[in-house]
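Source file: work-v3.pdb. Holds: PDB, C-alpha atoms.
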```pdb
ATOM      1  CA  MET O   1      24.720  14.744 -28.971
ATOM      2  CA  ALA O   2      24.311  13.940 -25.275
ATOM      3  CA  ALA O   3      25.996  17.227 -24.392
ATOM      4  CA  THR O   4      23.478  19.088 -26.543
ATOM      5  CA  LYS O   5      20.559  17.399 -24.883
ATOM      6  CA  LYS O   6      22.008  18.175 -21.463
ATOM      7  CA  ALA O   7      22.649  21.782 -22.392
ATOM      8  CA  THR O   8      19.073  22.301 -23.566
ATOM      9  CA  ALA O   9      17.444  20.250 -20.803
ATOM     10  CA  SER O  10      14.586  21.826 -18.904
ATOM     11  CA  THR O  11      15.165  23.162 -15.427
ATOM     12  CA  LYS O  12      12.288  21.037 -14.173
ATOM     13  CA  GLY O  13      13.184  18.508 -11.530
ATOM     14  CA  LEU O  14      11.740  15.655  -9.507
ATOM     15  CA  GLU O  15       9.517  18.016  -7.522
ATOM     16  CA  ASP O  16       7.858  19.105 -10.784
ATOM     17  CA  LEU O  17       7.567  15.529 -11.967
ATOM     18  CA  PHE O  18       5.967  14.572  -8.651
ATOM     19  CA  LEU O  19       3.416  17.391  -8.933
ATOM     20  CA  ASP O  20       2.605  16.408 -12.521
ATOM     21  CA  GLY O  21       2.117  12.815 -11.374
ATOM     22  CA  LEU O  22      -0.248  13.947  -8.618
ATOM     23  CA  LYS O  23      -2.251  15.980 -11.129
ATOM     24  CA  ASP O  24      -2.377  12.965 -13.433
ATOM     25  CA  ILE O  25      -3.688  10.558 -10.783
ATOM     26  CA  TYR O  26      -6.123  13.175  -9.446
ATOM     27  CA  TYR O  27      -7.611  13.502 -12.928
ATOM     28  CA  ALA O  28      -7.677   9.707 -13.229
ATOM     29  CA  GLU O  29      -9.430   9.176  -9.888
ATOM     30  CA  LYS O  30     -12.095  11.761 -10.782
ATOM     31  CA  LYS O  31     -12.709  10.046 -14.131
ATOM     32  CA  ILE O  32     -12.867   6.646 -12.423
ATOM     33  CA  LEU O  33     -15.481   8.025 -10.009
ATOM     34  CA  LYS O  34     -17.689   8.807 -13.007
ATOM     35  CA  ALA O  35     -17.123   5.420 -14.654
ATOM     36  CA  LEU O  36     -17.742   3.144 -11.657
ATOM     37  CA  PRO O  37     -21.530   3.681 -11.420
ATOM     38  CA  LYS O  38     -21.862   2.809 -15.130
ATOM     39  CA  MET O  39     -19.841  -0.359 -14.609
ATOM     40  CA  ALA O  40     -21.883  -1.287 -11.521
ATOM     41  CA  LYS O  41     -25.126  -0.749 -13.422
ATOM     42  CA  GLY O  42     -23.887  -2.726 -16.427
ATOM     43  CA  ALA O  43     -22.643  -5.755 -14.487
ATOM     44  CA  ASP O  44     -24.897  -8.821 -14.306
ATOM     45  CA  ASP O  45     -23.148 -10.493 -11.359
ATOM     46  CA  GLU O  46     -24.388  -9.082  -8.037
ATOM     47  CA  GLN O  47     -20.993  -9.529  -6.383
ATOM     48  CA  LEU O  48     -19.331  -7.625  -9.219
ATOM     49  CA  THR O  49     -21.878  -4.829  -8.892
ATOM     50  CA  ALA O  50     -21.187  -4.686  -5.150
ATOM     51  CA  ALA O  51     -17.425  -4.615  -5.802
ATOM     52  CA  PHE O  52     -17.805  -1.628  -8.141
ATOM     53  CA  GLU O  53     -20.000   0.168  -5.595
ATOM     54  CA  LYS O  54     -17.498  -0.523  -2.806
ATOM     55  CA  HIS O  55     -14.639   0.729  -4.943
ATOM     56  CA  ARG O  56     -16.565   3.911  -5.733
ATOM     57  CA  ALA O  57     -16.738   4.693  -2.008
ATOM     58  CA  GLU O  58     -13.009   3.929  -1.653
ATOM     59  CA  THR O  59     -12.217   6.131  -4.638
ATOM     60  CA  GLU O  60     -14.029   9.045  -3.011
ATOM     61  CA  GLY O  61     -11.691   8.619  -0.033
ATOM     62  CA  GLN O  62      -8.702   8.411  -2.358
ATOM     63  CA  VAL O  63      -9.672  11.714  -3.974
ATOM     64  CA  GLU O  64      -9.901  13.256  -0.498
ATOM     65  CA  ARG O  65      -6.422  11.898   0.323
ATOM     66  CA  LEU O  66      -5.039  13.419  -2.865
ATOM     67  CA  GLU O  67      -6.613  16.757  -1.962
ATOM     68  CA  GLU O  68      -4.929  16.484   1.450
ATOM     69  CA  ILE O  69      -1.602  15.840  -0.300
ATOM     70  CA  PHE O  70      -2.056  18.887  -2.528
ATOM     71  CA  ASP O  71      -2.758  20.895   0.636
ATOM     72  CA  ILE O  72       0.364  19.533   2.385
ATOM     73  CA  ILE O  73       2.613  20.475  -0.526
ATOM     74  CA  GLY O  74       0.910  23.844  -0.973
ATOM     75  CA  ALA O  75      -0.428  23.277  -4.468
ATOM     76  CA  PRO O  76      -3.999  23.610  -5.744
ATOM     77  CA  ALA O  77      -5.832  20.315  -6.253
ATOM     78  CA  ARG O  78      -6.086  20.277 -10.034
ATOM     79  CA  GLY O  79      -6.054  17.458 -12.493
ATOM     80  CA  LYS O  80      -4.018  17.169 -15.643
ATOM     81  CA  THR O  81      -5.501  15.315 -18.592
ATOM     82  CA  CYS O  82      -4.326  11.726 -18.545
ATOM     83  CA  PRO O  83      -4.646  10.076 -21.962
ATOM     84  CA  ALA O  84      -3.721   6.699 -20.433
ATOM     85  CA  ILE O  85      -6.733   6.534 -18.112
ATOM     86  CA  ASP O  86      -8.977   8.019 -20.810
ATOM     87  CA  GLY O  87      -7.999   5.147 -23.102
ATOM     88  CA  ILE O  88      -8.405   2.465 -20.437
ATOM     89  CA  LEU O  89     -11.852   3.793 -19.491
ATOM     90  CA  GLU O  90     -12.850   3.983 -23.160
ATOM     91  CA  GLU O  91     -12.063   0.274 -23.463
ATOM     92  CA  GLY O  92     -14.391  -0.373 -20.520
ATOM     93  CA  THR O  93     -17.149   1.609 -22.227
ATOM     94  CA  GLU O  94     -16.665  -0.429 -25.400
ATOM     95  CA  ILE O  95     -17.026  -3.663 -23.419
ATOM     96  CA  LEU O  96     -20.240  -2.381 -21.836
ATOM     97  CA  GLU O  97     -21.661  -1.581 -25.274
ATOM     98  CA  GLU O  98     -20.363  -4.539 -27.289
ATOM     99  CA  TYR O  99     -21.027  -7.306 -24.741
ATOM    100  CA  LYS O 100     -24.321  -6.108 -23.246
ATOM    101  CA  GLY O 101     -26.506  -9.158 -22.627
ATOM    102  CA  SER O 102     -23.603 -11.556 -23.170
ATOM    103  CA  PRO O 103     -22.346 -13.999 -20.524
ATOM    104  CA  SER O 104     -18.900 -12.560 -21.297
ATOM    105  CA  LEU O 105     -19.850  -9.056 -20.156
ATOM    106  CA  ASP O 106     -18.855  -9.546 -16.524
ATOM    107  CA  ALA O 107     -15.539 -11.168 -17.448
ATOM    108  CA  GLY O 108     -14.841  -8.200 -19.716
ATOM    109  CA  LEU O 109     -15.743  -5.750 -16.961
ATOM    110  CA  VAL O 110     -13.427  -7.532 -14.524
ATOM    111  CA  GLY O 111     -10.616  -7.290 -17.081
ATOM    112  CA  ALA O 112     -11.326  -3.617 -17.766
ATOM    113  CA  ALA O 113     -11.432  -2.832 -14.053
ATOM    114  CA  GLN O 114      -8.148  -4.648 -13.502
ATOM    115  CA  ALA O 115      -6.539  -2.579 -16.252
ATOM    116  CA  VAL O 116      -7.598   0.511 -14.284
ATOM    117  CA  GLU O 117      -6.250  -0.964 -11.046
ATOM    118  CA  HIS O 118      -2.922  -1.892 -12.628
ATOM    119  CA  TYR O 119      -2.535   1.639 -13.959
ATOM    120  CA  GLU O 120      -3.291   3.060 -10.512
ATOM    121  CA  ILE O 121      -0.918   0.624  -8.785
ATOM    122  CA  ALA O 122       1.872   1.654 -11.159
ATOM    123  CA  ARG O 123       1.176   5.370 -10.727
ATOM    124  CA  TYR O 124       0.925   5.244  -6.925
ATOM    125  CA  GLY O 125       4.069   3.115  -6.675
ATOM    126  CA  THR O 126       5.980   5.679  -8.704
ATOM    127  CA  LEU O 127       4.605   8.594  -6.665
ATOM    128  CA  ILE O 128       5.645   6.829  -3.459
ATOM    129  CA  ALA O 129       9.184   6.362  -4.789
ATOM    130  CA  TRP O 130       9.411  10.015  -5.803
ATOM    131  CA  ALA O 131       7.911  11.284  -2.534
ATOM    132  CA  THR O 132      10.393   9.125  -0.628
ATOM    133  CA  SER O 133      13.306  10.594  -2.586
ATOM    134  CA  LEU O 134      11.959  14.078  -1.914
ATOM    135  CA  GLY O 135      11.681  13.383   1.831
ATOM    136  CA  LYS O 136       7.897  13.782   1.903
ATOM    137  CA  ASP O 137       7.229  11.124   4.540
ATOM    138  CA  ASP O 138       3.766  12.453   5.457
ATOM    139  CA  VAL O 139       2.757  12.224   1.803
ATOM    140  CA  VAL O 140       4.261   8.735   1.442
ATOM    141  CA  GLU O 141       1.981   7.482   4.207
ATOM    142  CA  LEU O 142      -1.138   8.819   2.462
ATOM    143  CA  LEU O 143      -0.098   7.474  -0.937
ATOM    144  CA  ASN O 144       0.722   4.080   0.556
ATOM    145  CA  ALA O 145      -2.754   3.827   2.115
ATOM    146  CA  THR O 146      -4.258   4.287  -1.343
ATOM    147  CA  LEU O 147      -1.808   1.864  -2.953
ATOM    148  CA  GLU O 148      -2.837  -0.846  -0.493
ATOM    149  CA  GLU O 149      -6.523  -0.248  -1.316
ATOM    150  CA  GLU O 150      -5.787  -0.509  -5.033
ATOM    151  CA  LYS O 151      -3.933  -3.802  -4.536
ATOM    152  CA  ALA O 152      -6.820  -5.180  -2.450
ATOM    153  CA  THR O 153      -9.316  -4.200  -5.140
ATOM    154  CA  ASP O 154      -7.200  -5.915  -7.788
ATOM    155  CA  GLU O 155      -7.103  -9.087  -5.677
ATOM    156  CA  ALA O 156     -10.889  -8.932  -5.134
ATOM    157  CA  LEU O 157     -11.433  -8.615  -8.886
ATOM    158  CA  THR O 158      -9.175 -11.607  -9.522
ATOM    159  CA  SER O 159     -11.209 -13.605  -7.001
ATOM    160  CA  LEU O 160     -14.477 -12.647  -8.698
ATOM    161  CA  GLY O 161     -13.118 -13.748 -12.055
ATOM    162  CA  GLU O 162     -11.891 -17.043 -10.663
ATOM    163  CA  ALA O 163     -15.078 -17.631  -8.644
ATOM    164  CA  GLY O 164     -17.251 -18.053 -11.701
ATOM    165  CA  VAL O 165     -17.374 -14.933 -13.856
ATOM    166  CA  ASN O 166     -14.723 -16.282 -16.226
ATOM    167  CA  ASP O 167     -16.203 -19.787 -16.277
ATOM    168  CA  ARG O 168     -19.664 -18.462 -17.192
ATOM    169  CA  ALA O 169     -18.094 -16.517 -20.050
ATOM    170  CA  ALA O 170     -16.180 -19.616 -21.219
ATOM    171  CA  GLU O 171     -19.390 -21.700 -21.351
ATOM    172  CA  GLN O 172     -20.792 -19.445 -24.051
ATOM    173  CA  LYS O 173     -20.425 -20.922 -27.514
ATOM    174  CA  ALA O 174     -18.367 -18.896 -29.935
ATOM    175  CA  ALA O 175     -20.602 -16.890 -32.248
TER     176      ALA O 175
END
```

Full structure transcribed into structure tokens:
Amino acid sequence: MAATKKATASTKGLEDLFLDGLKDIYYAEKKILKALPKMAKGADDEQLTAAFEKHRAETEGQVERLEEIFDIIGAPARGKTCPAIDGILEEGTEILEEYKGSPSLDAGLVGAAQAVEHYEIARYGTLIAWATSLGKDDVVELLNATLEEEKATDEALTSLGEAGVNDRAAEQKAA
């Protein structure tokens, strides 16, 4: 059976996979740009609101970096629907709706935002590995800059949760 699979395998290679991954994360970053203002507006904690606003500005720069990468590799900057980020963002929307006015809202928003960050960290890490294998050192540098921002945002969100957001949520009596 393995021989059959090999014989009918697509001619697509790592270069194609890399381009598909770029399209995926480009779509994701554009969707995240639309979601961040809603999350900032919905948050009760001022520091959390500020964190979402800061990350929106960073995300704009990340989109610009991705557009630079598309330019470097000679491909149009186009997204490809990413069901994973659509689902993660939908969960964030549900938290905004279901926990509005609750002390648990901010803790839920931190968790939803970290799910986004973890997805991005995984995607950028993979793209860096592929770009390295393909010898795209100029692209690796740009992707790594974004990866470091995503890790810093994840750490900032953890700090916000530990600095009181989670404790305020825990003080609420179960309904």

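When all atoms listed in the file are used to compute distances to O:Leu36, the closest of the residues O:Gly92, O:Gly101, O:Gly164, O:Gly111 turns out to be O:Gly92.
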
* To do: Give me, please, the distance in Å between atom CA of O:Leu33 and atom CA of O:Ile73, quoted to one decimal.
  =>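 Computing it gives 23.9 Å between the two atoms.
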
* Name the closest residue to O:Leu19 among the candidates O:Ala163, O:Ile88, O:Ile72, O:Ala145; distances are taken between atoms, counting all atoms listed in the file. => O:Ile72

* To do: Choose the residue, out of O:Asp16, O:Glu150, O:Glu90, O:Asp138, that has the smallest atom-to-atom separation from O:Thr59; count only C-alpha atoms.
  => O:Glu150

* Carefully work through the PyMOL selection byres ((chain O and resi 56) around 9) for this structure and note down the residues it includes, as a list in words. =>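 So the PyMOL selection byres ((chain O and resi 56) around 9) ends up selecting Ile32, Leu33, Lys34, Leu36, Pro37, Ala51, Phe52, Glu53, Lys54, His55, Ala57, Glu58, Thr59, Glu60 and Gly61 of chain O.
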
* Which residues fall under the PyMOL selection byres ((chain O and resi 156) around 12) in this file, as a list in words? ->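 So the PyMOL selection byres ((chain O and resi 156) around 12), applied here, picks out Gln47, Leu48, Ala50, Ala51, Phe52, Lys54, His55, Val110, Ala113, Gln114, Glu117, Glu149, Glu150, Lys151, Ala152, Thr153, Asp154, Glu155, Leu157, Thr158, Ser159, Leu160, Gly161, Glu162 and Ala163 of chain O.
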